[in-house]
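Structure below is target-v9.cif: mmCIF, N, CA and C atoms.
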data_run
loop_
_atom_site.label_atom_id
_atom_site.label_comp_id
_atom_site.auth_asym_id
_atom_site.auth_seq_id
_atom_site.Cartn_x
_atom_site.Cartn_y
_atom_site.Cartn_z
N MET M 16 86.47 131.47 102.44
CA MET M 16 87.68 130.71 102.54
C MET M 16 87.40 129.21 102.51
N GLY M 17 86.22 128.79 102.77
CA GLY M 17 85.91 127.38 102.79
C GLY M 17 84.77 127.05 101.87
N GLY M 18 84.36 125.79 101.93
CA GLY M 18 83.22 125.33 101.15
C GLY M 18 81.94 125.76 101.83
N ARG M 19 80.89 125.03 101.58
CA ARG M 19 79.59 125.39 102.13
C ARG M 19 79.58 125.35 103.65
N ARG M 20 80.31 124.45 104.23
CA ARG M 20 80.28 124.30 105.69
C ARG M 20 81.45 124.99 106.37
N GLY M 21 82.23 125.75 105.64
CA GLY M 21 83.30 126.52 106.24
C GLY M 21 84.60 125.76 106.44
N GLY M 22 84.73 124.59 105.87
CA GLY M 22 85.95 123.79 106.03
C GLY M 22 86.89 123.99 104.86
N VAL M 23 87.40 122.91 104.41
CA VAL M 23 88.33 122.90 103.29
C VAL M 23 87.54 123.13 102.00
N PRO M 24 88.05 123.96 101.10
CA PRO M 24 87.35 124.17 99.83
C PRO M 24 87.13 122.85 99.09
N PRO M 25 85.99 122.73 98.37
CA PRO M 25 85.68 121.47 97.67
C PRO M 25 86.79 121.01 96.74
N ARG M 26 87.44 121.91 96.06
CA ARG M 26 88.52 121.52 95.14
C ARG M 26 89.63 120.81 95.90
N ARG M 27 89.97 121.33 97.06
CA ARG M 27 91.03 120.72 97.86
C ARG M 27 90.59 119.34 98.38
N CYS M 28 89.30 119.20 98.71
CA CYS M 28 88.79 117.89 99.16
C CYS M 28 88.96 116.85 98.07
N ARG M 29 88.64 117.22 96.82
CA ARG M 29 88.82 116.29 95.72
C ARG M 29 90.29 115.91 95.57
N ALA M 30 91.16 116.88 95.70
CA ALA M 30 92.60 116.61 95.59
C ALA M 30 93.04 115.65 96.69
N ARG M 31 92.52 115.85 97.91
CA ARG M 31 92.89 114.95 99.00
C ARG M 31 92.36 113.55 98.75
N HIS M 32 91.14 113.45 98.19
CA HIS M 32 90.57 112.13 97.88
C HIS M 32 91.43 111.42 96.84
N VAL M 33 91.85 112.15 95.82
CA VAL M 33 92.73 111.57 94.78
C VAL M 33 94.05 111.17 95.41
N ASP M 34 94.60 112.02 96.27
CA ASP M 34 95.86 111.69 96.93
C ASP M 34 95.71 110.45 97.80
N ALA M 35 94.58 110.34 98.50
CA ALA M 35 94.36 109.17 99.36
C ALA M 35 94.24 107.90 98.53
N ARG M 36 93.53 107.95 97.42
CA ARG M 36 93.39 106.78 96.55
C ARG M 36 94.74 106.40 95.94
N LEU M 37 95.49 107.40 95.49
CA LEU M 37 96.80 107.14 94.93
C LEU M 37 97.72 106.55 95.99
N SER M 38 97.67 107.08 97.19
CA SER M 38 98.48 106.55 98.29
C SER M 38 98.11 105.10 98.59
N ALA M 39 96.81 104.81 98.60
CA ALA M 39 96.36 103.44 98.87
C ALA M 39 96.83 102.49 97.77
N ALA M 40 96.74 102.94 96.52
CA ALA M 40 97.19 102.11 95.39
C ALA M 40 98.68 101.83 95.51
N LEU M 41 99.46 102.85 95.77
CA LEU M 41 100.91 102.67 95.88
C LEU M 41 101.26 101.80 97.09
N ALA M 42 100.52 101.96 98.18
CA ALA M 42 100.76 101.13 99.36
C ALA M 42 100.45 99.67 99.05
N GLY M 43 99.37 99.43 98.32
CA GLY M 43 99.02 98.06 97.94
C GLY M 43 100.09 97.41 97.08
N TRP M 44 100.56 98.14 96.07
CA TRP M 44 101.61 97.59 95.21
C TRP M 44 102.91 97.42 95.99
N GLY M 45 103.20 98.36 96.88
CA GLY M 45 104.41 98.26 97.70
C GLY M 45 104.36 97.06 98.62
N LEU M 46 103.20 96.81 99.22
CA LEU M 46 103.05 95.66 100.11
C LEU M 46 103.20 94.36 99.33
N LEU M 47 102.59 94.30 98.16
CA LEU M 47 102.73 93.11 97.32
C LEU M 47 104.19 92.88 96.96
N THR M 48 104.89 93.93 96.58
CA THR M 48 106.31 93.81 96.23
C THR M 48 107.12 93.32 97.43
N ALA M 49 106.82 93.83 98.62
CA ALA M 49 107.53 93.39 99.83
C ALA M 49 107.28 91.90 100.10
N VAL M 50 106.03 91.48 99.95
CA VAL M 50 105.70 90.06 100.18
C VAL M 50 106.41 89.18 99.15
N LEU M 51 106.42 89.60 97.89
CA LEU M 51 107.11 88.82 96.85
C LEU M 51 108.61 88.74 97.14
N THR M 52 109.18 89.83 97.63
CA THR M 52 110.60 89.85 97.97
C THR M 52 110.90 88.89 99.11
N LEU M 53 110.06 88.93 100.16
CA LEU M 53 110.26 88.01 101.29
C LEU M 53 110.05 86.56 100.86
N ASP M 54 109.06 86.34 100.01
CA ASP M 54 108.80 85.00 99.49
C ASP M 54 110.03 84.47 98.76
N ASP M 55 110.60 85.31 97.90
CA ASP M 55 111.77 84.88 97.12
C ASP M 55 112.98 84.67 98.04
N ARG M 56 113.18 85.55 98.97
CA ARG M 56 114.36 85.47 99.83
C ARG M 56 114.34 84.24 100.73
N PHE M 57 113.16 83.94 101.30
CA PHE M 57 113.06 82.85 102.26
C PHE M 57 112.42 81.59 101.68
N LEU M 58 112.28 81.54 100.34
CA LEU M 58 111.75 80.36 99.65
C LEU M 58 110.39 79.93 100.23
N LEU M 59 109.54 80.90 100.51
CA LEU M 59 108.25 80.59 101.14
C LEU M 59 107.39 79.70 100.26
N HIS M 60 107.25 80.05 98.98
CA HIS M 60 106.36 79.27 98.10
C HIS M 60 106.97 77.94 97.67
N GLU M 61 108.29 77.82 97.77
CA GLU M 61 108.95 76.60 97.30
C GLU M 61 109.23 75.60 98.42
N VAL M 62 109.49 76.08 99.64
CA VAL M 62 109.90 75.19 100.72
C VAL M 62 108.99 75.31 101.95
N VAL M 63 108.90 76.54 102.49
CA VAL M 63 108.24 76.72 103.78
C VAL M 63 106.75 76.39 103.72
N LEU M 64 106.02 77.03 102.82
CA LEU M 64 104.57 76.80 102.75
C LEU M 64 104.21 75.38 102.32
N PRO M 65 104.90 74.78 101.33
CA PRO M 65 104.60 73.37 101.03
C PRO M 65 104.88 72.45 102.23
N TYR M 66 105.89 72.77 103.02
CA TYR M 66 106.17 71.99 104.23
C TYR M 66 105.00 72.08 105.21
N LEU M 67 104.34 73.24 105.22
CA LEU M 67 103.18 73.45 106.10
C LEU M 67 101.88 72.95 105.47
N GLY M 68 101.96 72.36 104.28
CA GLY M 68 100.78 71.79 103.64
C GLY M 68 100.11 72.69 102.62
N VAL M 69 100.71 73.84 102.30
CA VAL M 69 100.13 74.75 101.32
C VAL M 69 100.84 74.52 99.98
N PRO M 70 100.13 74.03 98.97
CA PRO M 70 100.78 73.76 97.68
C PRO M 70 101.31 75.04 97.02
N GLU M 71 102.40 74.88 96.30
CA GLU M 71 103.03 76.01 95.60
C GLU M 71 102.06 76.67 94.63
N VAL M 72 101.27 75.88 93.93
CA VAL M 72 100.32 76.42 92.96
C VAL M 72 99.27 77.30 93.66
N LEU M 73 98.87 76.94 94.86
CA LEU M 73 97.91 77.74 95.61
C LEU M 73 98.50 79.10 95.98
N VAL M 74 99.77 79.11 96.32
CA VAL M 74 100.44 80.39 96.64
C VAL M 74 100.43 81.28 95.41
N TYR M 75 100.77 80.71 94.26
CA TYR M 75 100.73 81.50 93.02
C TYR M 75 99.32 81.99 92.72
N LEU M 76 98.34 81.16 92.97
CA LEU M 76 96.95 81.56 92.74
C LEU M 76 96.55 82.74 93.63
N VAL M 77 96.98 82.71 94.88
CA VAL M 77 96.70 83.83 95.79
C VAL M 77 97.36 85.10 95.26
N TYR M 78 98.59 85.01 94.78
CA TYR M 78 99.26 86.18 94.21
C TYR M 78 98.49 86.73 93.01
N VAL M 79 98.00 85.84 92.15
CA VAL M 79 97.23 86.28 90.98
C VAL M 79 95.96 87.00 91.42
N VAL M 80 95.27 86.47 92.42
CA VAL M 80 94.05 87.10 92.92
C VAL M 80 94.36 88.47 93.49
N VAL M 81 95.43 88.59 94.24
CA VAL M 81 95.82 89.89 94.82
C VAL M 81 96.14 90.89 93.71
N VAL M 82 96.89 90.47 92.70
CA VAL M 82 97.23 91.36 91.59
C VAL M 82 95.96 91.80 90.87
N LEU M 83 95.07 90.88 90.59
CA LEU M 83 93.81 91.24 89.91
C LEU M 83 92.98 92.19 90.77
N ALA M 84 92.95 91.96 92.08
CA ALA M 84 92.21 92.86 92.97
C ALA M 84 92.81 94.26 92.96
N LEU M 85 94.13 94.35 92.94
CA LEU M 85 94.78 95.67 92.88
C LEU M 85 94.52 96.34 91.54
N LEU M 86 94.60 95.58 90.46
CA LEU M 86 94.35 96.15 89.13
C LEU M 86 92.92 96.66 88.99
N VAL M 87 91.96 95.87 89.46
CA VAL M 87 90.55 96.26 89.35
C VAL M 87 90.22 97.37 90.35
N GLY M 88 90.68 97.20 91.58
CA GLY M 88 90.34 98.16 92.63
C GLY M 88 90.90 99.54 92.39
N PHE M 89 92.05 99.62 91.75
CA PHE M 89 92.70 100.92 91.53
C PHE M 89 92.85 101.24 90.05
N ARG M 90 91.94 100.72 89.24
CA ARG M 90 92.04 100.95 87.79
C ARG M 90 91.96 102.42 87.44
N SER M 91 91.16 103.21 88.16
CA SER M 91 91.05 104.64 87.83
C SER M 91 92.35 105.38 88.13
N GLU M 92 93.09 104.90 89.12
CA GLU M 92 94.39 105.53 89.43
C GLU M 92 95.46 105.10 88.44
N LEU M 93 95.27 103.95 87.82
CA LEU M 93 96.28 103.43 86.91
C LEU M 93 96.08 103.91 85.48
N THR M 94 94.83 104.04 85.05
CA THR M 94 94.58 104.45 83.67
C THR M 94 95.04 105.90 83.48
N GLY M 95 95.66 106.13 82.37
CA GLY M 95 96.15 107.47 82.07
C GLY M 95 97.53 107.75 82.62
N GLN M 96 98.08 106.84 83.39
CA GLN M 96 99.43 107.02 83.92
C GLN M 96 100.42 106.40 82.93
N PRO M 97 101.32 107.19 82.38
CA PRO M 97 102.28 106.59 81.45
C PRO M 97 103.18 105.56 82.13
N GLU M 98 103.32 105.69 83.45
CA GLU M 98 104.17 104.77 84.19
C GLU M 98 103.58 103.37 84.30
N VAL M 99 102.33 103.20 83.91
CA VAL M 99 101.69 101.89 84.00
C VAL M 99 102.43 100.88 83.13
N VAL M 100 103.20 101.35 82.17
CA VAL M 100 104.02 100.45 81.34
C VAL M 100 105.01 99.70 82.23
N LEU M 101 105.55 100.39 83.23
CA LEU M 101 106.48 99.74 84.15
C LEU M 101 105.78 98.64 84.95
N LEU M 102 104.55 98.91 85.36
CA LEU M 102 103.77 97.92 86.08
C LEU M 102 103.52 96.70 85.21
N LEU M 103 103.10 96.93 83.98
CA LEU M 103 102.82 95.82 83.07
C LEU M 103 104.09 95.03 82.75
N LEU M 104 105.20 95.73 82.58
CA LEU M 104 106.48 95.06 82.35
C LEU M 104 106.83 94.18 83.55
N GLY M 105 106.67 94.73 84.75
CA GLY M 105 106.98 93.98 85.96
C GLY M 105 106.11 92.75 86.11
N LEU M 106 104.80 92.92 85.91
CA LEU M 106 103.89 91.78 86.04
C LEU M 106 104.16 90.74 84.96
N GLY M 107 104.44 91.18 83.74
CA GLY M 107 104.76 90.25 82.66
C GLY M 107 106.03 89.47 82.94
N ALA M 108 107.04 90.16 83.45
CA ALA M 108 108.30 89.48 83.77
C ALA M 108 108.10 88.47 84.89
N PHE M 109 107.29 88.84 85.90
CA PHE M 109 107.01 87.89 86.97
C PHE M 109 106.23 86.69 86.44
N ALA M 110 105.31 86.92 85.51
CA ALA M 110 104.55 85.81 84.93
C ALA M 110 105.48 84.85 84.20
N ILE M 111 106.45 85.40 83.48
CA ILE M 111 107.43 84.55 82.79
C ILE M 111 108.25 83.76 83.81
N SER M 112 108.67 84.42 84.87
CA SER M 112 109.44 83.76 85.92
C SER M 112 108.66 82.61 86.55
N VAL M 113 107.38 82.85 86.87
CA VAL M 113 106.54 81.82 87.46
C VAL M 113 106.33 80.68 86.46
N GLY M 114 106.07 81.02 85.21
CA GLY M 114 105.90 79.99 84.19
C GLY M 114 107.12 79.10 84.08
N LEU M 115 108.30 79.70 84.09
CA LEU M 115 109.53 78.90 84.03
C LEU M 115 109.70 78.06 85.29
N ASP M 116 109.30 78.61 86.43
CA ASP M 116 109.42 77.88 87.69
C ASP M 116 108.51 76.65 87.70
N LEU M 117 107.34 76.79 87.12
CA LEU M 117 106.36 75.69 87.15
C LEU M 117 106.61 74.61 86.10
N THR M 118 107.52 74.87 85.14
CA THR M 118 107.76 73.88 84.09
C THR M 118 108.38 72.60 84.63
N GLY M 119 109.15 72.72 85.70
CA GLY M 119 109.83 71.55 86.24
C GLY M 119 111.10 71.21 85.48
N TRP M 120 111.36 71.95 84.42
CA TRP M 120 112.57 71.76 83.61
C TRP M 120 113.75 72.24 84.43
N ASP M 121 114.70 71.38 84.72
CA ASP M 121 115.82 71.75 85.58
C ASP M 121 117.09 71.85 84.76
N SER M 122 117.48 73.08 84.49
CA SER M 122 118.74 73.32 83.78
C SER M 122 119.26 74.69 84.17
N THR M 123 120.51 74.92 83.87
CA THR M 123 121.11 76.21 84.17
C THR M 123 120.45 77.31 83.35
N VAL M 124 120.14 77.01 82.10
CA VAL M 124 119.50 78.01 81.23
C VAL M 124 118.15 78.45 81.81
N ARG M 125 117.36 77.48 82.26
CA ARG M 125 116.06 77.82 82.84
C ARG M 125 116.22 78.65 84.11
N ARG M 126 117.16 78.27 84.96
CA ARG M 126 117.37 79.02 86.21
C ARG M 126 117.81 80.45 85.93
N VAL M 127 118.72 80.60 84.97
CA VAL M 127 119.19 81.96 84.63
C VAL M 127 118.05 82.77 84.03
N ALA M 128 117.28 82.18 83.14
CA ALA M 128 116.14 82.88 82.55
C ALA M 128 115.11 83.25 83.60
N GLU M 129 114.82 82.33 84.53
CA GLU M 129 113.85 82.60 85.59
C GLU M 129 114.32 83.74 86.50
N GLU M 130 115.57 83.68 86.91
CA GLU M 130 116.10 84.72 87.79
C GLU M 130 116.19 86.08 87.08
N THR M 131 116.53 86.06 85.79
CA THR M 131 116.58 87.30 85.03
C THR M 131 115.19 87.92 84.92
N ALA M 132 114.21 87.11 84.59
CA ALA M 132 112.83 87.62 84.50
C ALA M 132 112.38 88.15 85.85
N LYS M 133 112.74 87.45 86.93
CA LYS M 133 112.36 87.88 88.27
C LYS M 133 112.99 89.23 88.62
N MET M 134 114.25 89.42 88.26
CA MET M 134 114.92 90.69 88.56
C MET M 134 114.36 91.83 87.72
N ILE M 135 114.04 91.56 86.46
CA ILE M 135 113.39 92.58 85.63
C ILE M 135 112.05 92.97 86.24
N GLY M 136 111.28 91.97 86.67
CA GLY M 136 109.99 92.23 87.30
C GLY M 136 110.13 93.03 88.57
N ALA M 137 111.07 92.65 89.42
CA ALA M 137 111.26 93.36 90.69
C ALA M 137 111.71 94.80 90.46
N THR M 138 112.61 94.99 89.50
CA THR M 138 113.09 96.34 89.20
C THR M 138 111.97 97.21 88.65
N ALA M 139 111.18 96.67 87.74
CA ALA M 139 110.07 97.43 87.17
C ALA M 139 109.03 97.77 88.23
N LEU M 140 108.73 96.80 89.13
CA LEU M 140 107.76 97.07 90.18
C LEU M 140 108.29 98.07 91.20
N LEU M 141 109.60 98.14 91.36
CA LEU M 141 110.19 99.16 92.23
C LEU M 141 110.14 100.53 91.57
N CYS M 142 110.40 100.58 90.27
CA CYS M 142 110.40 101.85 89.54
C CYS M 142 108.99 102.42 89.35
N PHE M 143 107.98 101.55 89.26
CA PHE M 143 106.61 102.00 89.00
C PHE M 143 106.11 103.01 90.03
N PRO M 144 106.07 102.70 91.33
CA PRO M 144 105.57 103.71 92.27
C PRO M 144 106.49 104.91 92.38
N SER M 145 107.78 104.69 92.22
CA SER M 145 108.72 105.82 92.30
C SER M 145 108.45 106.82 91.19
N ALA M 146 108.23 106.33 89.99
CA ALA M 146 107.96 107.23 88.86
C ALA M 146 106.64 107.97 89.06
N ILE M 147 105.62 107.29 89.56
CA ILE M 147 104.33 107.95 89.81
C ILE M 147 104.48 109.02 90.88
N LEU M 148 105.22 108.73 91.94
CA LEU M 148 105.41 109.72 93.00
C LEU M 148 106.15 110.94 92.50
N VAL M 149 107.17 110.75 91.71
CA VAL M 149 107.91 111.89 91.16
C VAL M 149 107.00 112.75 90.30
N LEU M 150 106.23 112.12 89.42
CA LEU M 150 105.30 112.85 88.57
C LEU M 150 104.25 113.57 89.40
N HIS M 151 103.72 112.89 90.42
CA HIS M 151 102.69 113.49 91.28
C HIS M 151 103.26 114.69 92.05
N LEU M 152 104.46 114.56 92.55
CA LEU M 152 105.07 115.67 93.31
C LEU M 152 105.33 116.88 92.41
N ARG M 153 105.66 116.63 91.16
CA ARG M 153 105.87 117.74 90.21
C ARG M 153 104.58 118.49 89.92
N ARG M 154 103.43 117.83 90.05
CA ARG M 154 102.15 118.46 89.77
C ARG M 154 101.61 119.26 90.96
N LEU M 155 102.21 119.15 92.11
CA LEU M 155 101.72 119.86 93.29
C LEU M 155 101.83 121.37 93.09
N PRO M 156 100.89 122.12 93.70
CA PRO M 156 100.95 123.59 93.58
C PRO M 156 102.27 124.11 94.13
N GLY M 157 102.77 125.15 93.50
CA GLY M 157 104.02 125.75 93.93
C GLY M 157 105.24 125.11 93.32
N ARG M 158 105.04 124.06 92.53
CA ARG M 158 106.17 123.43 91.83
C ARG M 158 106.25 123.98 90.42
N SER M 159 107.47 124.07 89.92
CA SER M 159 107.60 124.58 88.55
C SER M 159 107.73 123.48 87.55
#
Would it be possible to restate this file's structure as structure tokens?
Amino acid sequence: MGGRRGGVPPRRCRARHVDARLSAALAGWGLLTAVLTLDDRFLLHEVVLPYLGVPEVLVYLVYVVVVLALLVGFRSELTGQPEVVLLLLGLGAFAISVGLDLTGWDSTVRRVAEETAKMIGATALLCFPSAILVLHLRRLPGRS
């Protein structure tokens, strides 16, 4: 009933390891999305942190480092997932939003474009883990 030591069969251990890595990846992306949402809602990178002496560009740099760390750290969980298109769409839309924010160009068109890109990014980043979870749950034993 068990592996060599009488515990959980090796196949199930591998499945749990994959589930743990997938859970960690989704938790990381979820935490990043939550921080970005709070940042946007409370103007952390535009008002609060610069008031405390942290430049806006440094905040963006920290976000880029976190995104790269998540992409590299969980690349095996991301490769082969068709839903990764949603992640790339979300990150690309956020990059456009940040680029427009940093231009300094102040017009209604820029603000609308920036907010639109931000909403596309937020929606895609929300859909990304949801789609992976649905697909993962469908693959569980006993599911049709």
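Taking only N, CA and C atoms into account, the polymer residues that have an atom no farther than 7 Å from (104.6, 104.9, 84.9) are Gln96, Pro97, Glu98, Val99, Val100, Leu101, Leu102, Cys142, Phe143, Pro144, Ala146 and Ile147 of chain M.
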* To do: Name every residue that the PyMOL selection byres (((chain M and resi 123-139 and name CA) around 8) and name CA) selects in this structure, writing the answer as an MDAnalysis selection string with chains first and numbers rising.
  => chainID M and resid 48 101:102 104:109 111:113 115:116 120:122 140:143
* Those of chain M in DSSP alpha helix (DSSP H), formatted as a PyMOL selection string -> chain M and resi 25-57+64-66+71-88+90-93+99-117+123-154
* Might you pull out every residue within 12 Å of region 70-72 of chain M, with only C-alpha atoms counted and same-chain residues fewer than 4 positions away left off, and present them as a list in words? => Asp54, Leu58, Leu59, His60, Glu61, Val62, Val63, Leu64, Pro65, Tyr66, Leu76, Val77, Tyr78, Val79, Val113, Gly114, Asp116, Leu117 and Thr118 of chain M
